[in-house]
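Everything on this sheet refers to the single structure shown next.
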Amino acid sequence: MKSRLMIIAAAAVLLSACTSRPEGTTRLSGKFSEEPAPGTVQVVVGSLDTTVAVAGVKFSVDVPMDVTAVAYIVADAQMIPFVSDGSVLKVDFDNETITSSDKHGIQSRMAELLQWEADFEDNYMSLLENVDNPVMADAISDSLLLLYDAHLEEVARANNDNVVGVYAITEMQGDEDAAKMLELLNGLADNMKAIPAVGKTIESYQSVLATGEGSMFMDFEVVQDPENPAASTVRLSDYVGRGKYVIVDFWASWCGPCREEVPYLKAVYQQYKGKRFDMLSVAVSDLPANSKAAAEQLGITWNQIVNAQRIPGEIYGIRYIPHIILFGPDGTILRRGLRGDDIAVAVAEALAQ
């Protein structure tokens, strides 16, 4: 008969064997509150994309530690982001949360930020839902978004060596402040700046600063029809810097917000086209046939360049479309990021000078 001490020792060894995990991994486990539970869950960590079987209502898996990317666990239609920070993580699909054994670790910081964002969004919508005055609504929104960016900036600076900092920067609304965004990105640790997407974003903001308002335009060349390059090659300088104010709209046929800007552009073109003003649409990341069909459908009758793909985006640091720029007669960039009624206001002010 085994002694009590031997039983305790054996139990300790067994418990250790069951709960230990390989070094450099994160244990991810959880259970579903109701049956039938999904048969599997999907876990994505960096380049790893694996399917984990659910035993009854429970699942558990060890995945590689990786603090350079946001990871995801998916069950049915639910997807919960997390950071594989080397701790033990408990997944709660009912509340869409992931709790770490390390209360001050990277995953805990990510969970805290995600909860803060959710609470902020609820408060934002609550404050604006009963505001009927558009001017007041814009003022409240602008004030709240300043607070939003201020908090994210604080989080980014406190997490410059892990993906929480990168995530905070990408969630910031102040894309127009390229200098601030570039400062935050350059303040990241080297292991974070080595992430290809981060490097691309840094290059993008460098391009924004190089082509900011007051800068001279940068030319680019597009072969619109690869089968007939000689006859189809055009340059931005064919339209910009030739003595007219020019609105250039970078757009794509598949882009809903791009289509929403067309009525504003059409009104400006009809009102101001002539000796001092012209307009150009440049289709990016789009099939030329689709660009042409959409232009005809939408009534785009002004100058067009198709098949520009990523060329303008890399030169001008365009991260989102539509992106609308007003160029002066000599090619100086007068305004960037115009939308809606601001297009007509900017053109009117420029022509009044």
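Scheme for the structure tokens: letters A, B, ... for chains in order shown; per-chain residue numbers from 1; ligand numbers from 1 in order shown.
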Would you mind listing what lies within 9 Å of segment 208-211 of chain A as a ChimeraX atom specification, with only C-alpha atoms counted and same-chain residues fewer than 6 positions away left out? /A:176,178-179,217-218,315-318,333
Excluding same-chain residues fewer than 2 positions from segment 123-132 of chain A, what lies within 12 Å of it counting only C-alpha atoms, as a list in words?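 Here the qualifying residues turn out to be Trp116, Glu117, Ala118, Asp119, Phe120, Glu121, Pro134, Val135, Met136, Ala137, Asp138, Ala139, Ile140, Ser141, Asp142, Ser143, Leu144, Leu145, Leu147 and Tyr148 of chain A.
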Residue contacts of Lys103 of chain A (12 Å, only C-alpha atoms) excluding same-chain residues fewer than 6 positions away, as a PyMOL selection string: chain A and resi 85+87-89+109-112
Run DSSP on the backbone and grab whatever in segment 203-322 of chain A lands in strand (DSSP E or B); send it over as a ChimeraX atom specification. /A:216,221-223,233-235,245-251,277-283,303-305
Between A:Leu48, A:Val57, A:Ala294, A:Met192, which is the closest to Glu35 of chain A once you count only C-alpha atoms? A:Val57
Surrounding residues of Asp76 of chain A excluding itself and chain neighbours under 2 positions, 9 Å, only C-alpha atoms, as a count of residues only: 6
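A straight line drawn from atom CA of Val63 of chain A to atom CA of Thr26 of chain A is 5.3 Å long.
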Taking 5 positions as the minimum chain separation for residues in the same chain, which residues sit within 12 Å of segment 259-272 of chain A when counting only C-alpha atoms? Answer as JSON, numbers by chain. {"A": [244, 245, 246, 247, 248, 249, 250, 251, 252, 253, 254, 277, 278, 279, 280, 281, 283, 291, 294, 295, 296, 297, 298, 299, 300, 301, 302, 303, 321, 322, 323, 324, 325, 326, 337, 338, 339, 340, 341, 342, 343, 344, 345, 346, 347, 348, 349, 350, 351, 352]}
Which of segment 42-157 of chain A end up as alpha helix (DSSP H) when DSSP is run on this backbone - answer as a ChimeraX atom specification? /A:106-128,134-157
Asp219 of chain A: which residues within 7 Å, counting only C-alpha atoms, same-chain residues fewer than 3 positions away excluded, as a VMD selection string? chain A and resid 235 to 237
Measuring atom to atom with only C-alpha atoms, identify which of A:Asn162, A:Thr97, A:Thr233, A:Gln173 is nearest to Ala150 of chain A.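 The closest residue to Ala150 of chain A is A:Gln173.
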Nearest residue to Asp102 of chain A from the set A:Val83, A:Leu152, A:Ala158, A:Leu188 (distances using only C-alpha atoms):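 Ranked by minimum distance to Asp102 of chain A, first place goes to A:Val83.
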Please compute the atom CA of Thr332 of chain A-atom CA of Lys180 of chain A distance, one decimal, in Å.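 Interatomic distance here is 23.2 Å.
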Pick from A:Asp161, A:Gly199, A:Gly328, A:Asp49, whichever lies nearest to Arg242 of chain A using only C-alpha atoms: A:Gly328
To one decimal place in Å, what is the distance between atom CA of Ala197 of chain A and atom CA of Val223 of chain A? 27.3 Å
Residue with smallest distance to Gly24 of chain A - pool A:Thr201, A:Ser84, A:Asn186, A:Gln206, counting only C-alpha atoms: A:Ser84
Compare A:Ile98, A:Ala75, A:Val163, A:Ile311 by their minimum atom-to-atom distance to Gly46 of chain A, counting only C-alpha atoms, and give me the closest one.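 Result for the nearest residue to Gly46 of chain A: A:Val163.
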